[in-house]
$ cat start_34.pdb   # PDB, C-alpha atoms
ATOM      1  CA  MET A   1      15.048-105.420-188.076
ATOM      2  CA  SER A   2      14.346-102.152-189.895
ATOM      3  CA  CYS A   3      16.093-103.473-193.014
ATOM      4  CA  TRP A   4      14.276-106.784-193.260
ATOM      5  CA  CYS A   5      10.895-106.035-191.649
ATOM      6  CA  PRO A   6      10.287-102.276-191.845
ATOM      7  CA  CYS A   7       6.549-102.861-191.590
ATOM      8  CA  MET A   8       6.946-104.349-188.088
ATOM      9  CA  ILE A   9       9.102-101.469-186.883
ATOM     10  CA  TYR A  10       6.592 -99.017-188.348
ATOM     11  CA  GLY A  11       3.779-100.811-186.478
ATOM     12  CA  LYS A  12       5.732-100.768-183.201
ATOM     13  CA  ASN A  13       6.656 -97.105-183.584
ATOM     14  CA  ARG A  14       3.074 -96.210-184.373
ATOM     15  CA  GLN A  15       1.725 -98.023-181.296
ATOM     16  CA  ARG A  16       4.350 -96.446-179.031
ATOM     17  CA  PHE A  17       3.677 -92.973-180.429
ATOM     18  CA  ASP A  18      -0.107 -93.328-180.169
ATOM     19  CA  HIS A  19       0.220 -94.500-176.553
ATOM     20  CA  LEU A  20       2.440 -91.522-175.686
ATOM     21  CA  GLN A  21       0.012 -89.107-177.357
ATOM     22  CA  GLU A  22      -3.050 -90.537-175.606
ATOM     23  CA  ASN A  23      -1.638 -91.291-172.137
ATOM     24  CA  ASP A  24       1.532 -89.198-171.872
ATOM     25  CA  THR A  25       3.265 -92.293-170.506
ATOM     26  CA  ALA A  26       5.496 -94.944-172.013
ATOM     27  CA  ASP A  27       3.841 -97.890-173.723
ATOM     28  CA  PRO A  28       4.160-100.819-171.295
ATOM     29  CA  GLU A  29       4.251-103.207-174.264
ATOM     30  CA  HIS A  30       7.052-101.241-175.999
ATOM     31  CA  GLY A  31       5.102-101.311-179.246
ATOM     32  CA  GLY A  32       3.918-104.883-178.862
ATOM     33  CA  SER A  33       4.742-107.391-181.572
ATOM     34  CA  GLY A  34       4.457-104.822-184.345
ATOM     35  CA  CYS A  35       2.107-107.132-186.274
ATOM     36  CA  ASP A  36      -1.025-105.012-186.359
ATOM     37  CA  ALA A  37      -3.145-103.068-188.841
ATOM     38  CA  ASP A  38      -0.457-100.394-189.263
ATOM     39  CA  CYS A  39       2.128-103.078-190.034
ATOM     40  CA  CYS A  40      -0.184-104.732-192.568
ATOM     41  CA  MET A  41      -0.919-101.431-194.289
ATOM     42  CA  HIS A  42       2.813-100.631-194.534
ATOM     43  CA  LEU A  43       3.533-104.133-195.845
ATOM     44  CA  ALA A  44       0.729-103.985-198.410
ATOM     45  CA  LEU A  45       1.860-100.615-199.738
ATOM     46  CA  ASN A  46       5.460-101.841-199.965
ATOM     47  CA  VAL A  47       4.599-105.082-201.723
ATOM     48  CA  LEU A  48       1.961-103.703-204.081
ATOM     49  CA  CYS A  49       3.599-100.477-205.188
ATOM     50  CA  GLY A  50       6.677 -99.679-203.082
ATOM     51  CA  PHE A  51       4.972 -96.788-201.277
ATOM     52  CA  GLY A  52       5.135 -97.923-197.633
ATOM     53  CA  TRP A  53       7.488 -95.041-196.940
ATOM     54  CA  VAL A  54       4.606 -92.601-197.568
ATOM     55  CA  LEU A  55       2.980 -93.686-194.284
ATOM     56  CA  GLN A  56       6.112 -92.624-192.432
ATOM     57  CA  LEU A  57       5.908 -88.994-193.589
ATOM     58  CA  GLY A  58       3.062 -87.898-191.336
ATOM     59  CA  GLN A  59       4.455 -89.665-188.301
ATOM     60  CA  ARG A  60       7.918 -88.199-188.873
ATOM     61  CA  ALA A  61       6.535 -84.666-189.192
ATOM     62  CA  THR A  62       4.504 -85.115-185.997
ATOM     63  CA  LEU A  63       7.542 -86.436-184.117
ATOM     64  CA  ARG A  64       9.661 -83.517-185.325
ATOM     65  CA  ALA A  65       7.024 -81.080-184.076
ATOM     66  CA  ARG A  66       6.676 -82.884-180.718
ATOM     67  CA  TYR A  67      10.433 -82.891-180.059
ATOM     68  CA  HIS A  68      11.120 -79.489-181.654
ATOM     69  CA  ILE A  69      13.491 -80.985-184.236
ATOM     70  CA  ASP A  70      14.428 -78.796-187.180
ATOM     71  CA  GLY A  71      13.625 -80.124-190.626
ATOM     72  CA  SER A  72      11.279 -79.866-193.539
ATOM     73  CA  TYR A  73       8.702 -81.930-195.345
ATOM     74  CA  VAL A  74      11.066 -82.280-198.313
ATOM     75  CA  ASN A  75      13.813 -83.616-196.048
ATOM     76  CA  ASP A  76      11.326 -86.016-194.418
ATOM     77  CA  CYS A  77      10.249 -87.246-197.843
ATOM     78  CA  LEU A  78      13.809 -87.836-199.048
ATOM     79  CA  THR A  79      14.820 -89.543-195.801
ATOM     80  CA  ALA A  80      11.795 -91.858-195.773
ATOM     81  CA  PHE A  81      12.239 -92.769-199.448
ATOM     82  CA  PHE A  82      15.995 -93.272-199.628
ATOM     83  CA  CYS A  83      16.767 -94.324-196.040
ATOM     84  CA  THR A  84      13.667 -96.127-194.750
ATOM     85  CA  PRO A  85      15.523 -98.348-192.238
ATOM     86  CA  CYS A  86      17.527 -95.411-190.868
ATOM     87  CA  GLU A  87      14.418 -93.252-190.589
ATOM     88  CA  LEU A  88      12.484 -95.960-188.733
ATOM     89  CA  THR A  89      15.407 -96.606-186.375
ATOM     90  CA  GLN A  90      15.723 -92.900-185.644
ATOM     91  CA  GLU A  91      12.010 -92.705-184.806
ATOM     92  CA  SER A  92      12.267 -95.786-182.617
ATOM     93  CA  ARG A  93      15.155 -94.296-180.651
ATOM     94  CA  GLU A  94      13.362 -90.974-180.154
ATOM     95  CA  LEU A  95      10.280 -92.809-178.869
ATOM     96  CA  ALA A  96      12.367 -95.037-176.600
ATOM     97  CA  GLU A  97      14.116 -92.001-175.133
ATOM     98  CA  GLU A  98      10.821 -90.253-174.392
ATOM     99  CA  GLY A  99       9.396 -93.488-173.048
ATOM    100  CA  MET A 100      12.295 -93.808-170.613
ATOM    101  CA  THR A 101      11.903 -90.178-169.556
ATOM    102  CA  ALA A 102       8.158 -90.606-169.042
ATOM    103  CA  SER A 103       8.674 -93.808-167.031
ATOM    104  CA  ASN A 104      11.339 -92.211-164.838
ATOM    105  CA  THR A 105       9.115 -89.188-164.208
ATOM    106  CA  GLU A 106       6.198 -91.471-163.327
ATOM    107  CA  ARG A 107       8.350 -93.494-160.904
ATOM    108  CA  LEU A 108       9.708 -90.341-159.299
ATOM    109  CA  GLY A 109       6.167 -89.077-158.740
ATOM    110  CA  GLN A 110       5.141 -92.380-157.137
ATOM    111  CA  THR A 111       8.189 -92.317-154.871
ATOM    112  CA  ARG A 112       7.363 -88.803-153.656
ATOM    113  CA  ASN A 113       3.758 -89.778-152.935
ATOM    114  CA  THR A 114       4.747 -92.684-150.660
TER     115      THR A 114
END

$ encode --input "start_34.pdb" --output "structure tokens"
Amino acid sequence: MSCWCPCMIYGKNRQRFDHLQENDTADPEHGGSGCDADCCMHLALNVLCGFGWVLQLGQRATLRARYHIDGSYVNDCLTAFFCTPCELTQESRELAEEGMTASNTERLGQTRNT
């Protein structure tokens, strides 16, 4: 999916990340359909000038900071430019892992309260 529709994966990742940031819980929609304003912006930048990867830089840097992953802005830039599908898949997996952890923690808390 990341190879053929990177804009949709970007949109899903963005929704999942925003939900985690705002609610500190997993997104119950798992990023939804991915067809949203973020997807359209990524698509437009890719089609018009090939710069959709630029949108990924800020999100990647924020994810690295959140998960304490070593790296640099230069490395993020090179990864997003040359390996867009790999970069989006990596982000998606990181978000899925945190989403599962958040969901398990939430369920454990509910179990203890009952």

$ resolve_selection --input "start_34.pdb" --expression "the PyMOL selection byres ((chain A and resi 52) around 9)" --output "VMD selection string"
chain A and resid 6 to 7 41 to 47 49 to 51 53 to 56 81

$ closest_residue --input "start_34.pdb" --among "A:Gln21, A:Met1, A:Ser33, A:Ala80" --to "Thr62 (chain A)" --atoms "only C-alpha atoms"
A:Gln21

$ atom_distance --input "start_34.pdb" --atom1 "CA of Ser92 (chain A)" --atom2 "CA of Asn23 (chain A)"
18.0 Å

$ atom_distance --input "start_34.pdb" --atom1 "CA of Asp76 (chain A)" --atom2 "CA of Gln90 (chain A)"
12.0 Å

$ residues_around --input "start_34.pdb" --residues "region 9-17 of chain A" --least-positions-apart "2" --cutoff "9 Å" --atoms "all atoms listed in the file" --output "NGL selection string"
:A and (1-2 or 5-7 or 19-22 or 26-40 or 42 or 55-56 or 59 or 63 or 85 or 88-89 or 91-92 or 95-96 or 99)

$ write_last_selection --input "start_34.pdb" --atoms "C-alpha atoms" --output "PDB file, in the coordinates of the input"
ATOM      1  CA  MET A   1      15.048-105.420-188.076  1.00  0.00           C
ATOM      2  CA  SER A   2      14.346-102.152-189.895  1.00  0.00           C
ATOM      3  CA  CYS A   5      10.895-106.035-191.649  1.00  0.00           C
ATOM      4  CA  PRO A   6      10.287-102.276-191.845  1.00  0.00           C
ATOM      5  CA  CYS A   7       6.549-102.861-191.590  1.00  0.00           C
ATOM      6  CA  HIS A  19       0.220 -94.500-176.553  1.00  0.00           C
ATOM      7  CA  LEU A  20       2.440 -91.522-175.686  1.00  0.00           C
ATOM      8  CA  GLN A  21       0.012 -89.107-177.357  1.00  0.00           C
ATOM      9  CA  GLU A  22      -3.050 -90.537-175.606  1.00  0.00           C
ATOM     10  CA  ALA A  26       5.496 -94.944-172.013  1.00  0.00           C
ATOM     11  CA  ASP A  27       3.841 -97.890-173.723  1.00  0.00           C
ATOM     12  CA  PRO A  28       4.160-100.819-171.295  1.00  0.00           C
ATOM     13  CA  GLU A  29       4.251-103.207-174.264  1.00  0.00           C
ATOM     14  CA  HIS A  30       7.052-101.241-175.999  1.00  0.00           C
ATOM     15  CA  GLY A  31       5.102-101.311-179.246  1.00  0.00           C
ATOM     16  CA  GLY A  32       3.918-104.883-178.862  1.00  0.00           C
ATOM     17  CA  SER A  33       4.742-107.391-181.572  1.00  0.00           C
ATOM     18  CA  GLY A  34       4.457-104.822-184.345  1.00  0.00           C
ATOM     19  CA  CYS A  35       2.107-107.132-186.274  1.00  0.00           C
ATOM     20  CA  ASP A  36      -1.025-105.012-186.359  1.00  0.00           C
ATOM     21  CA  ALA A  37      -3.145-103.068-188.841  1.00  0.00           C
ATOM     22  CA  ASP A  38      -0.457-100.394-189.263  1.00  0.00           C
ATOM     23  CA  CYS A  39       2.128-103.078-190.034  1.00  0.00           C
ATOM     24  CA  CYS A  40      -0.184-104.732-192.568  1.00  0.00           C
ATOM     25  CA  HIS A  42       2.813-100.631-194.534  1.00  0.00           C
ATOM     26  CA  LEU A  55       2.980 -93.686-194.284  1.00  0.00           C
ATOM     27  CA  GLN A  56       6.112 -92.624-192.432  1.00  0.00           C
ATOM     28  CA  GLN A  59       4.455 -89.665-188.301  1.00  0.00           C
ATOM     29  CA  LEU A  63       7.542 -86.436-184.117  1.00  0.00           C
ATOM     30  CA  PRO A  85      15.523 -98.348-192.238  1.00  0.00           C
ATOM     31  CA  LEU A  88      12.484 -95.960-188.733  1.00  0.00           C
ATOM     32  CA  THR A  89      15.407 -96.606-186.375  1.00  0.00           C
ATOM     33  CA  GLU A  91      12.010 -92.705-184.806  1.00  0.00           C
ATOM     34  CA  SER A  92      12.267 -95.786-182.617  1.00  0.00           C
ATOM     35  CA  LEU A  95      10.280 -92.809-178.869  1.00  0.00           C
ATOM     36  CA  ALA A  96      12.367 -95.037-176.600  1.00  0.00           C
ATOM     37  CA  GLY A  99       9.396 -93.488-173.048  1.00  0.00           C
TER      38      GLY A  99
END

$ atom_distance --input "start_34.pdb" --atom1 "CA of Glu97 (chain A)" --atom2 "CA of Thr25 (chain A)"
11.8 Å

$ resolve_selection --input "start_34.pdb" --expression "the PyMOL selection byres ((chain A and resi 73) around 12)" --output "PyMOL selection string"
chain A and resi 54+56-62+64-65+70-72+74-80

$ decode --input "start_34.pdb" --residues "region 46-82 of chain A" --atoms "N, CA, C and O atoms" --output "JSON list (two decimals), in the first residue's frame"
[["chain", "number", "residue", "atom", "x", "y", "z"],
["A", 46, "ASN", "N", 2.81, 15.46, -4.25],
["A", 46, "ASN", "CA", 3.47, 14.43, -5.07],
["A", 46, "ASN", "C", 3.20, 14.62, -6.56],
["A", 46, "ASN", "O", 4.10, 14.54, -7.37],
["A", 47, "VAL", "N", 1.95, 14.86, -6.89],
["A", 47, "VAL", "CA", 1.56, 14.98, -8.30],
["A", 47, "VAL", "C", 2.09, 16.27, -8.92],
["A", 47, "VAL", "O", 2.62, 16.26, -10.03],
["A", 48, "LEU", "N", 1.97, 17.36, -8.20],
["A", 48, "LEU", "CA", 2.36, 18.66, -8.75],
["A", 48, "LEU", "C", 3.87, 18.86, -8.85],
["A", 48, "LEU", "O", 4.35, 19.43, -9.83],
["A", 49, "CYS", "N", 4.60, 18.42, -7.82],
["A", 49, "CYS", "CA", 6.03, 18.72, -7.84],
["A", 49, "CYS", "C", 6.92, 17.63, -7.24],
["A", 49, "CYS", "O", 8.13, 17.82, -7.13],
["A", 50, "GLY", "N", 6.34, 16.51, -6.83],
["A", 50, "GLY", "CA", 7.14, 15.42, -6.28],
["A", 50, "GLY", "C", 7.66, 15.66, -4.88],
["A", 50, "GLY", "O", 8.63, 15.05, -4.46],
["A", 51, "PHE", "N", 7.01, 16.57, -4.13],
["A", 51, "PHE", "CA", 7.49, 16.92, -2.80],
["A", 51, "PHE", "C", 6.60, 16.43, -1.66],
["A", 51, "PHE", "O", 6.64, 16.99, -0.56],
["A", 52, "GLY", "N", 5.82, 15.39, -1.86],
["A", 52, "GLY", "CA", 5.00, 14.84, -0.78],
["A", 52, "GLY", "C", 5.84, 14.36, 0.39],
["A", 52, "GLY", "O", 5.41, 14.43, 1.54],
["A", 53, "TRP", "N", 7.03, 13.90, 0.10],
["A", 53, "TRP", "CA", 7.92, 13.40, 1.15],
["A", 53, "TRP", "C", 8.27, 14.47, 2.17],
["A", 53, "TRP", "O", 8.59, 14.14, 3.32],
["A", 54, "VAL", "N", 8.19, 15.74, 1.79],
["A", 54, "VAL", "CA", 8.52, 16.84, 2.71],
["A", 54, "VAL", "C", 7.58, 16.84, 3.91],
["A", 54, "VAL", "O", 7.99, 17.14, 5.04],
["A", 55, "LEU", "N", 6.32, 16.49, 3.70],
["A", 55, "LEU", "CA", 5.35, 16.44, 4.80],
["A", 55, "LEU", "C", 5.73, 15.40, 5.84],
["A", 55, "LEU", "O", 5.41, 15.55, 7.01],
["A", 56, "GLN", "N", 6.42, 14.38, 5.42],
["A", 56, "GLN", "CA", 6.79, 13.29, 6.32],
["A", 56, "GLN", "C", 7.91, 13.68, 7.28],
["A", 56, "GLN", "O", 8.07, 13.06, 8.33],
["A", 57, "LEU", "N", 8.69, 14.69, 6.95],
["A", 57, "LEU", "CA", 9.85, 15.05, 7.77],
["A", 57, "LEU", "C", 9.48, 15.44, 9.19],
["A", 57, "LEU", "O", 10.07, 14.96, 10.15],
["A", 58, "GLY", "N", 8.52, 16.34, 9.32],
["A", 58, "GLY", "CA", 8.12, 16.79, 10.66],
["A", 58, "GLY", "C", 7.54, 15.67, 11.49],
["A", 58, "GLY", "O", 7.85, 15.54, 12.68],
["A", 59, "GLN", "N", 6.71, 14.85, 10.87],
["A", 59, "GLN", "CA", 6.09, 13.74, 11.60],
["A", 59, "GLN", "C", 7.15, 12.73, 12.02],
["A", 59, "GLN", "O", 7.12, 12.22, 13.14],
["A", 60, "ARG", "N", 8.10, 12.46, 11.15],
["A", 60, "ARG", "CA", 9.16, 11.50, 11.49],
["A", 60, "ARG", "C", 10.01, 12.00, 12.65],
["A", 60, "ARG", "O", 10.32, 11.25, 13.57],
["A", 61, "ALA", "N", 10.35, 13.29, 12.63],
["A", 61, "ALA", "CA", 11.16, 13.86, 13.71],
["A", 61, "ALA", "C", 10.39, 13.80, 15.04],
["A", 61, "ALA", "O", 10.96, 13.48, 16.09],
["A", 62, "THR", "N", 9.10, 14.08, 14.99],
["A", 62, "THR", "CA", 8.27, 14.03, 16.20],
["A", 62, "THR", "C", 8.17, 12.60, 16.73],
["A", 62, "THR", "O", 8.24, 12.38, 17.95],
["A", 63, "LEU", "N", 8.00, 11.64, 15.84],
["A", 63, "LEU", "CA", 7.95, 10.24, 16.26],
["A", 63, "LEU", "C", 9.27, 9.80, 16.87],
["A", 63, "LEU", "O", 9.29, 9.10, 17.89],
["A", 64, "ARG", "N", 10.39, 10.20, 16.27],
["A", 64, "ARG", "CA", 11.69, 9.84, 16.82],
["A", 64, "ARG", "C", 11.85, 10.39, 18.24],
["A", 64, "ARG", "O", 12.33, 9.71, 19.12],
["A", 65, "ALA", "N", 11.42, 11.63, 18.43],
["A", 65, "ALA", "CA", 11.51, 12.25, 19.76],
["A", 65, "ALA", "C", 10.60, 11.52, 20.75],
["A", 65, "ALA", "O", 10.99, 11.25, 21.89],
["A", 66, "ARG", "N", 9.39, 11.18, 20.33],
["A", 66, "ARG", "CA", 8.42, 10.52, 21.22],
["A", 66, "ARG", "C", 8.92, 9.15, 21.68],
["A", 66, "ARG", "O", 8.74, 8.76, 22.82],
["A", 67, "TYR", "N", 9.54, 8.40, 20.76],
["A", 67, "TYR", "CA", 9.99, 7.05, 21.06],
["A", 67, "TYR", "C", 11.47, 6.97, 21.41],
["A", 67, "TYR", "O", 12.01, 5.88, 21.54],
["A", 68, "HIS", "N", 12.13, 8.12, 21.53],
["A", 68, "HIS", "CA", 13.55, 8.18, 21.88],
["A", 68, "HIS", "C", 14.40, 7.36, 20.91],
["A", 68, "HIS", "O", 15.24, 6.56, 21.32],
["A", 69, "ILE", "N", 14.16, 7.57, 19.61],
["A", 69, "ILE", "CA", 14.91, 6.87, 18.57],
["A", 69, "ILE", "C", 16.03, 7.79, 18.09],
["A", 69, "ILE", "O", 15.79, 8.96, 17.77],
["A", 70, "ASP", "N", 17.24, 7.25, 18.04],
["A", 70, "ASP", "CA", 18.37, 8.03, 17.56],
["A", 70, "ASP", "C", 18.19, 8.33, 16.08],
["A", 70, "ASP", "O", 17.60, 7.55, 15.34],
["A", 71, "GLY", "N", 18.73, 9.45, 15.65],
["A", 71, "GLY", "CA", 18.67, 9.83, 14.25],
["A", 71, "GLY", "C", 18.95, 11.31, 14.10],
["A", 71, "GLY", "O", 19.25, 12.01, 15.07],
["A", 72, "SER", "N", 18.83, 11.77, 12.89],
["A", 72, "SER", "CA", 19.08, 13.18, 12.62],
["A", 72, "SER", "C", 18.12, 13.67, 11.54],
["A", 72, "SER", "O", 17.52, 12.87, 10.82],
["A", 73, "TYR", "N", 18.03, 14.97, 11.42],
["A", 73, "TYR", "CA", 17.17, 15.55, 10.40],
["A", 73, "TYR", "C", 17.67, 15.18, 9.00],
["A", 73, "TYR", "O", 16.87, 14.92, 8.11],
["A", 74, "VAL", "N", 18.97, 15.13, 8.82],
["A", 74, "VAL", "CA", 19.54, 14.76, 7.52],
["A", 74, "VAL", "C", 19.14, 13.33, 7.18],
["A", 74, "VAL", "O", 18.72, 13.05, 6.05],
["A", 75, "ASN", "N", 19.25, 12.43, 8.14],
["A", 75, "ASN", "CA", 18.87, 11.03, 7.91],
["A", 75, "ASN", "C", 17.38, 10.93, 7.61],
["A", 75, "ASN", "O", 16.97, 10.18, 6.71],
["A", 76, "ASP", "N", 16.56, 11.69, 8.34],
["A", 76, "ASP", "CA", 15.11, 11.71, 8.07],
["A", 76, "ASP", "C", 14.83, 12.16, 6.65],
["A", 76, "ASP", "O", 14.00, 11.59, 5.95],
["A", 77, "CYS", "N", 15.53, 13.21, 6.23],
["A", 77, "CYS", "CA", 15.34, 13.77, 4.89],
["A", 77, "CYS", "C", 15.70, 12.74, 3.82],
["A", 77, "CYS", "O", 14.94, 12.53, 2.87],
["A", 78, "LEU", "N", 16.84, 12.11, 3.97],
["A", 78, "LEU", "CA", 17.28, 11.11, 2.99],
["A", 78, "LEU", "C", 16.35, 9.91, 2.95],
["A", 78, "LEU", "O", 16.01, 9.40, 1.89],
["A", 79, "THR", "N", 15.91, 9.47, 4.12],
["A", 79, "THR", "CA", 15.00, 8.32, 4.19],
["A", 79, "THR", "C", 13.67, 8.64, 3.54],
["A", 79, "THR", "O", 13.15, 7.84, 2.75],
["A", 80, "ALA", "N", 13.11, 9.80, 3.85],
["A", 80, "ALA", "CA", 11.81, 10.18, 3.28],
["A", 80, "ALA", "C", 11.90, 10.36, 1.77],
["A", 80, "ALA", "O", 10.99, 9.99, 1.04],
["A", 81, "PHE", "N", 13.00, 10.90, 1.29],
["A", 81, "PHE", "CA", 13.15, 11.16, -0.15],
["A", 81, "PHE", "C", 13.40, 9.87, -0.94],
["A", 81, "PHE", "O", 12.74, 9.60, -1.93],
["A", 82, "PHE", "N", 14.36, 9.07, -0.48],
["A", 82, "PHE", "CA", 14.76, 7.91, -1.26],
["A", 82, "PHE", "C", 13.96, 6.65, -0.94],
["A", 82, "PHE", "O", 13.91, 5.73, -1.76]]
